[in-house]
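Right, one structure below, let's go through it.
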Amino acid sequence: AIRSRIPNEFYPQSCTKYVDPPSNFEEITSADNAVLFEDDHIAIVNKPEGMNTIGEKRKDLQSILPFMLHPPTSMPHSRRNKSPTQQCHYIPRPIHRLDRRTSGCVLVAKSEKAMKQFSQLFATRQIQKSYCAITFGEPIKCKDSECIDVDGKTFSIVDYPIDGKDAITLWRVVTTITSSRWGKLSLLHLLPKTGRNHQIRRHLSYCLSCPIVGDSKYDGGGLLHRKARDELGMFLCSNSMRFSHVMLGDDEKMV
């Protein structure tokens with residue numbers, strides 16, 4: 001067993017209550033970039049498509065984290081005076097969620113303080129998540145649509161409510177190709193400014209008429225779209241995050 005062979009590298013059994021990792025452990029750790037960033041306070045891991053972030057016992061991302069991340073090098077003061085059975089490292093937990101069908105960056109807290117601090121950053125929209133998606137078709141920017149410059153790139157704006165709440169997504173076309181089998185496909189760079197349920201998927205399908213390849217919920221059906229669902233999977237990935245590392249006092253970090 002992995003825990004038996006490497007007893008001290010990851011979180012101890014006294015913390016996880018399990019000797020061996022979940023059965024789908026290899027699904028995420030086999031990738032070269034499974035852990036994109038890690039220090040004593042936080043980590044950023046690369047969630048595969050088709051895996052829940054939280055909620056599916058022993059099969060979700062949260063269950064795997066103690067078997068792929070390393071405990072902090074020092075025990076937090078709040079835990080040092082507890083009994084040996086209670087004196088356990090804080091088990092790493094995702095600070096936010098990605099949809100099961102979405103792959104990419106998930107920010108993880110490795111301490112109670114980090115969870116509190118970074119949850120506050122999410123609540124106040126101080127963490128910028130970037131996504132990329134491959135869509136059917138090519139979105140056409142309206143002549144009178146508003147644009148904004150971000151890091152030297154021009155983004156168009158979708159400002160359309162979802163479930164009665166404000167929802168804003170910035171988007172730009174990176175490239176468009178024509179496939180002999182799938183027709184016109186576009187690679188989009190997306191910056192959601194709000195975090196509504198399925199926001200990017202709904203904005204691309206409903207507002208830009210360019211559903212994400214493989215999106216069985218919002219692609220509108222049709223023979224071509226159904227074939228893509230079965231053969232390709234869904235092409236939406238959280239590809240980077242930008243934030244201030246409040247635990248270290250860094251002005252900005254981008255992963």
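In the structure tokens, chains take letters A, B, ... by order of appearance, with residues numbered from 1 within each chain and ligands from 1 in the order shown.
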
Excluding stretch 31-34 of chain A and any residue of its chain fewer than 2 positions from it, enumerate the residues within 7 Å of it, using only C-alpha atoms, and give them as a CSV table (one decimal) with N, CA and C atoms, in the first residue's frame.
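Below is the file selection.csv, written as the result:
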```
chain,number,residue,atom,x,y,z
A,28,ILE,N,-5.9,11.0,-10.5
A,28,ILE,CA,-5.5,12.4,-10.4
A,28,ILE,C,-3.9,12.4,-10.3
A,29,THR,N,-3.3,11.5,-9.5
A,29,THR,CA,-1.9,11.6,-9.2
A,29,THR,C,-1.0,11.1,-10.4
A,36,LEU,N,0.0,21.7,-8.7
A,36,LEU,CA,0.6,22.8,-9.5
A,36,LEU,C,1.4,23.7,-8.5
A,45,VAL,N,-4.3,22.2,-6.9
A,45,VAL,CA,-4.2,20.9,-7.5
A,45,VAL,C,-5.0,20.9,-8.8
A,46,ASN,N,-4.7,20.0,-9.6
A,46,ASN,CA,-5.3,19.9,-11.0
A,46,ASN,C,-6.4,18.9,-11.0
```

Original post:
Could you name the residues that touch A:Pro66 at 9 Å or less, counting only C-alpha atoms, but leaving out those on the same chain fewer than 6 positions away, as a count of residues only?
Top reply: 9

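Around A:Lys129, within 8 Å and counting only C-alpha atoms, the residues found are Leu191, Pro192, Ser238, Asn239, Ser240, Met241 and Arg242 of chain A, once anything fewer than 5 positions away on its own chain is removed.
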
Let me see the file: selected residues, N, CA and C atoms, as a short mmCIF file (atom, residue, chain, number, x, y, z; two decimals), in the first residue's frame.
```
data_model
loop_
_atom_site.label_atom_id
_atom_site.label_comp_id
_atom_site.auth_asym_id
_atom_site.auth_seq_id
_atom_site.Cartn_x
_atom_site.Cartn_y
_atom_site.Cartn_z
N LEU A 191 -12.80 35.00 -18.29
CA LEU A 191 -12.56 35.52 -16.95
C LEU A 191 -13.91 35.80 -16.29
N PRO A 192 -14.44 34.87 -15.50
CA PRO A 192 -15.71 35.13 -14.83
C PRO A 192 -15.53 36.13 -13.69
N SER A 238 -10.26 25.24 -15.79
CA SER A 238 -9.76 26.38 -15.01
C SER A 238 -8.25 26.33 -15.10
N ASN A 239 -7.68 27.20 -15.93
CA ASN A 239 -6.26 27.07 -16.28
C ASN A 239 -5.30 27.91 -15.47
N SER A 240 -5.80 28.89 -14.69
CA SER A 240 -4.89 29.67 -13.85
C SER A 240 -5.67 30.42 -12.78
N MET A 241 -4.93 30.85 -11.74
CA MET A 241 -5.52 31.64 -10.65
C MET A 241 -4.55 32.75 -10.31
N ARG A 242 -5.09 33.90 -9.95
CA ARG A 242 -4.27 35.05 -9.54
C ARG A 242 -4.82 35.59 -8.23
#
```

| task | Using DSSP on the backbone coordinates, identify all residues within stretch 46-187 of chain A classified as strand (DSSP E); present the result as a VMD selection string. | result | chain A and resid 46 to 47 93 to 94 103 to 109 128 to 136 147 to 150 153 to 159 168 to 179 183 to 187

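Here atom CA of A:Gln120 stands at a distance of 19.7 Å from atom CA of A:Ala167.
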
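Residues in contact with stretch 149-152 of chain A at up to 12 Å, not including ones fewer than 5 positions away on its chain and judged by only C-alpha atoms, are Gln128, Ser130, Ile157, Leu170, Trp171, Arg172, His189, Leu190 and Leu191 of chain A.
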
Shortest contact to A:Asp20, candidates A:Met68, A:Leu61, A:Ile54, A:Leu248, atoms counted only C-alpha atoms, goes to A:Met68

From the list A:Ile64, A:Ile148, A:Val35, A:Met51, the nearest residue to A:Asp99 using only C-alpha atoms is A:Met51

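Close contacts of stretch 205-210 of chain A, defined as residues with an atom at most 6 Å away when counting only C-alpha atoms, with chain neighbours fewer than 4 positions off set aside, comprise Thr135, Phe136, Gly137 and Pro139 of chain A.
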
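Using only C-alpha atoms, the protein and nucleic acid residues lying no more than 12 Å from A:Asp163, apart from those fewer than 5 places from it along its own chain, are A:Gly195, A:Arg196, A:Asn197, A:His198, A:Gln199, A:Arg202.
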
Given the selection you just returned, output its residues as a file containing C-alpha atoms, formatted as a short mmCIF file (atom, residue, chain, number, x, y, z; two decimals), in the first residue's frame.
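Result file follows (part.cif):
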```cif
data_model
loop_
_atom_site.label_atom_id
_atom_site.label_comp_id
_atom_site.auth_asym_id
_atom_site.auth_seq_id
_atom_site.Cartn_x
_atom_site.Cartn_y
_atom_site.Cartn_z
CA GLY A 195 -19.52 32.76 -9.63
CA ARG A 196 -23.04 31.69 -10.51
CA ASN A 197 -24.06 28.08 -11.07
CA HIS A 198 -22.76 26.89 -14.47
CA GLN A 199 -22.15 30.54 -15.35
CA ARG A 202 -24.78 29.05 -19.69
#
```

Can you check which residues of stretch 10-252 of chain A DSSP gives as helix (DSSP H, G or I) on the backbone and send them as a VMD selection string? chain A and resid 13 to 16 25 to 29 61 to 67 77 to 80 112 to 123 199 to 207 223 to 232

With only C-alpha atoms as the counted atoms, please give the residues lying no more than 10 Å from stretch 181-184 of chain A, apart from itself and same-chain residues fewer than 4 positions off, as number ranges by chain.
A: 135-138, 176-177, 213, 224-225, 227-228
